[in-house]
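The next block holds one structure in the form of structure tokens; read it before the comments.
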Amino acid sequence: MLVQIYEVQTPEEARELARLGVDHIGVLVGDGAFPRELSIAQANAIFAAVPAGTKRVALSLSADPEAVARVARETRPDIIQLQAASRNSRWR
């Protein structure tokens, strides 16, 4: 079984989740357009605390391809999860 936890808020929380055996540690990253989004700097601090062997996941709710590319480029996650839901999305 694979265990994935999202919306990790602090480096300490990430370390503890990894210690408990969580496989994927996810952070909701963005510019504040959605509640609970963390900045790229905050995501990087959390990802730096994730030990080797645990996957770092950046979750983006943005429908803007440039914003998603910036998150991927600046956080360098192991996995990026896209979850944009917009009629006007340029992803379609």
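By order of appearance in the structure tokens: chains A, B, ..., then residues from 1 within every chain, and ligands from 1 in the order shown.
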Please report, as CSV, each residue of stretch 14-33 of chain A lying at most 8 Å from stretch 47-55 of chain A, together with the nearest pair of atoms and the separation in Å rounded to one decimal; use only C-alpha atoms, and order rows by chain and ascending residue number.
residue,atom,partner,partner_atom,distance
A:Ala14,CA,A:Val50,CA,6.1
A:Arg15,CA,A:Val50,CA,5.9
A:Ala18,CA,A:Thr54,CA,6.7
A:Val22,CA,A:Thr54,CA,7.3
A:Asp23,CA,A:Thr54,CA,5.2
A:His24,CA,A:Lys55,CA,4.6
A:Ile25,CA,A:Lys55,CA,6.2
Could you dump the residues just selected with N, CA, C and O atoms as a PDB file, in the first residue's frame?
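That gives us again.pdb:
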ATOM      1  N   ALA A  14       6.579  17.349   7.952  1.00  0.00           N
ATOM      2  CA  ALA A  14       7.095  16.484   6.886  1.00  0.00           C
ATOM      3  C   ALA A  14       8.048  15.431   7.444  1.00  0.00           C
ATOM      4  O   ALA A  14       7.962  14.247   7.092  1.00  0.00           O
ATOM      5  N   ARG A  15       8.960  15.854   8.317  1.00  0.00           N
ATOM      6  CA  ARG A  15       9.906  14.901   8.923  1.00  0.00           C
ATOM      7  C   ARG A  15       9.172  13.822   9.725  1.00  0.00           C
ATOM      8  O   ARG A  15       9.502  12.638   9.649  1.00  0.00           O
ATOM      9  N   ALA A  18       7.383  11.355   7.412  1.00  0.00           N
ATOM     10  CA  ALA A  18       8.360  10.444   6.813  1.00  0.00           C
ATOM     11  C   ALA A  18       8.797   9.402   7.839  1.00  0.00           C
ATOM     12  O   ALA A  18       8.926   8.212   7.521  1.00  0.00           O
ATOM     13  N   VAL A  22       5.252   7.466   5.748  1.00  0.00           N
ATOM     14  CA  VAL A  22       4.484   8.006   4.627  1.00  0.00           C
ATOM     15  C   VAL A  22       5.375   8.011   3.387  1.00  0.00           C
ATOM     16  O   VAL A  22       6.526   8.433   3.430  1.00  0.00           O
ATOM     17  N   ASP A  23       4.843   7.508   2.266  1.00  0.00           N
ATOM     18  CA  ASP A  23       5.613   7.372   1.027  1.00  0.00           C
ATOM     19  C   ASP A  23       5.727   8.669   0.238  1.00  0.00           C
ATOM     20  O   ASP A  23       6.769   8.957  -0.339  1.00  0.00           O
ATOM     21  N   HIS A  24       4.644   9.424   0.170  1.00  0.00           N
ATOM     22  CA  HIS A  24       4.585  10.670  -0.602  1.00  0.00           C
ATOM     23  C   HIS A  24       4.129  11.796   0.319  1.00  0.00           C
ATOM     24  O   HIS A  24       3.063  11.708   0.932  1.00  0.00           O
ATOM     25  N   ILE A  25       4.908  12.873   0.357  1.00  0.00           N
ATOM     26  CA  ILE A  25       4.570  14.040   1.167  1.00  0.00           C
ATOM     27  C   ILE A  25       4.240  15.186   0.219  1.00  0.00           C
ATOM     28  O   ILE A  25       5.076  15.591  -0.586  1.00  0.00           O
TER      29      ILE A  25
END
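All residues of stretch 18-72 of chain A that DSSP, run on the backbone, classes as alpha helix (DSSP H) are Ala18, Arg19, Ile40, Ala41, Gln42, Ala43, Asn44, Ala45, Ile46, Phe47, Ala48, Ala49, Pro65, Glu66, Ala67, Val68, Ala69, Arg70, Val71 and Ala72 of chain A.
For the atom pair formed by atom CA of A:Gln81 and atom CA of A:Leu20, the distance is 22.6 Å, given to one decimal.
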Let's see if you can do this: from backbone DSSP, list all strand (DSSP E) residues in stretch 51-91 of chain A, as a list in words.
Lys55, Arg56, Val57, Ala58, Leu59, Ser60, Ile79, Ile80, Gln81 and Leu82 of chain A
Just the selected residues (N, CA, C and O atoms), exported as a JSON list (two decimals), in the first residue's frame, please.
[["chain", "number", "residue", "atom", "x", "y", "z"],
["A", 55, "LYS", "N", 8.96, 10.49, -1.44],
["A", 55, "LYS", "CA", 8.68, 11.35, -2.60],
["A", 55, "LYS", "C", 8.07, 12.68, -2.17],
["A", 55, "LYS", "O", 7.20, 12.74, -1.30],
["A", 56, "ARG", "N", 8.54, 13.74, -2.82],
["A", 56, "ARG", "CA", 8.02, 15.10, -2.61],
["A", 56, "ARG", "C", 7.03, 15.41, -3.73],
["A", 56, "ARG", "O", 7.38, 15.31, -4.90],
["A", 57, "VAL", "N", 5.81, 15.78, -3.35],
["A", 57, "VAL", "CA", 4.75, 16.02, -4.32],
["A", 57, "VAL", "C", 4.28, 17.47, -4.23],
["A", 57, "VAL", "O", 3.89, 17.94, -3.16],
["A", 58, "ALA", "N", 4.32, 18.18, -5.35],
["A", 58, "ALA", "CA", 3.77, 19.53, -5.42],
["A", 58, "ALA", "C", 2.38, 19.42, -6.04],
["A", 58, "ALA", "O", 2.23, 18.89, -7.15],
["A", 59, "LEU", "N", 1.39, 19.89, -5.33],
["A", 59, "LEU", "CA", 0.02, 19.89, -5.81],
["A", 59, "LEU", "C", -0.33, 21.30, -6.26],
["A", 59, "LEU", "O", -0.15, 22.26, -5.51],
["A", 60, "SER", "N", -0.81, 21.41, -7.49],
["A", 60, "SER", "CA", -1.21, 22.71, -8.02],
["A", 60, "SER", "C", -2.67, 22.67, -8.41],
["A", 60, "SER", "O", -3.11, 21.75, -9.10],
["A", 79, "ILE", "N", 7.19, 14.49, -7.92],
["A", 79, "ILE", "CA", 5.90, 14.32, -8.59],
["A", 79, "ILE", "C", 5.19, 15.66, -8.55],
["A", 79, "ILE", "O", 5.24, 16.36, -7.55],
["A", 80, "ILE", "N", 4.51, 15.99, -9.65],
["A", 80, "ILE", "CA", 3.63, 17.15, -9.62],
["A", 80, "ILE", "C", 2.23, 16.66, -9.93],
["A", 80, "ILE", "O", 2.03, 15.90, -10.87],
["A", 81, "GLN", "N", 1.29, 17.05, -9.10],
["A", 81, "GLN", "CA", -0.11, 16.67, -9.30],
["A", 81, "GLN", "C", -0.88, 17.90, -9.71],
["A", 81, "GLN", "O", -0.85, 18.92, -9.02],
["A", 82, "LEU", "N", -1.57, 17.79, -10.84],
["A", 82, "LEU", "CA", -2.37, 18.89, -11.35],
["A", 82, "LEU", "C", -3.82, 18.60, -11.07],
["A", 82, "LEU", "O", -4.30, 17.50, -11.33]]
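Atom CA of A:Gln83 to atom CA of A:Leu61 spans 4.9 Å [interatomic distance, one decimal].
Atom pair atom CA of A:Gly30 / atom CA of A:Met1 has a distance of 29.0 Å (rounded to one decimal).
Residue nearest A:Glu7, chosen from A:Ile40, A:Val29, A:Ala69, A:Asp78 and counting only C-alpha atoms: A:Val29.
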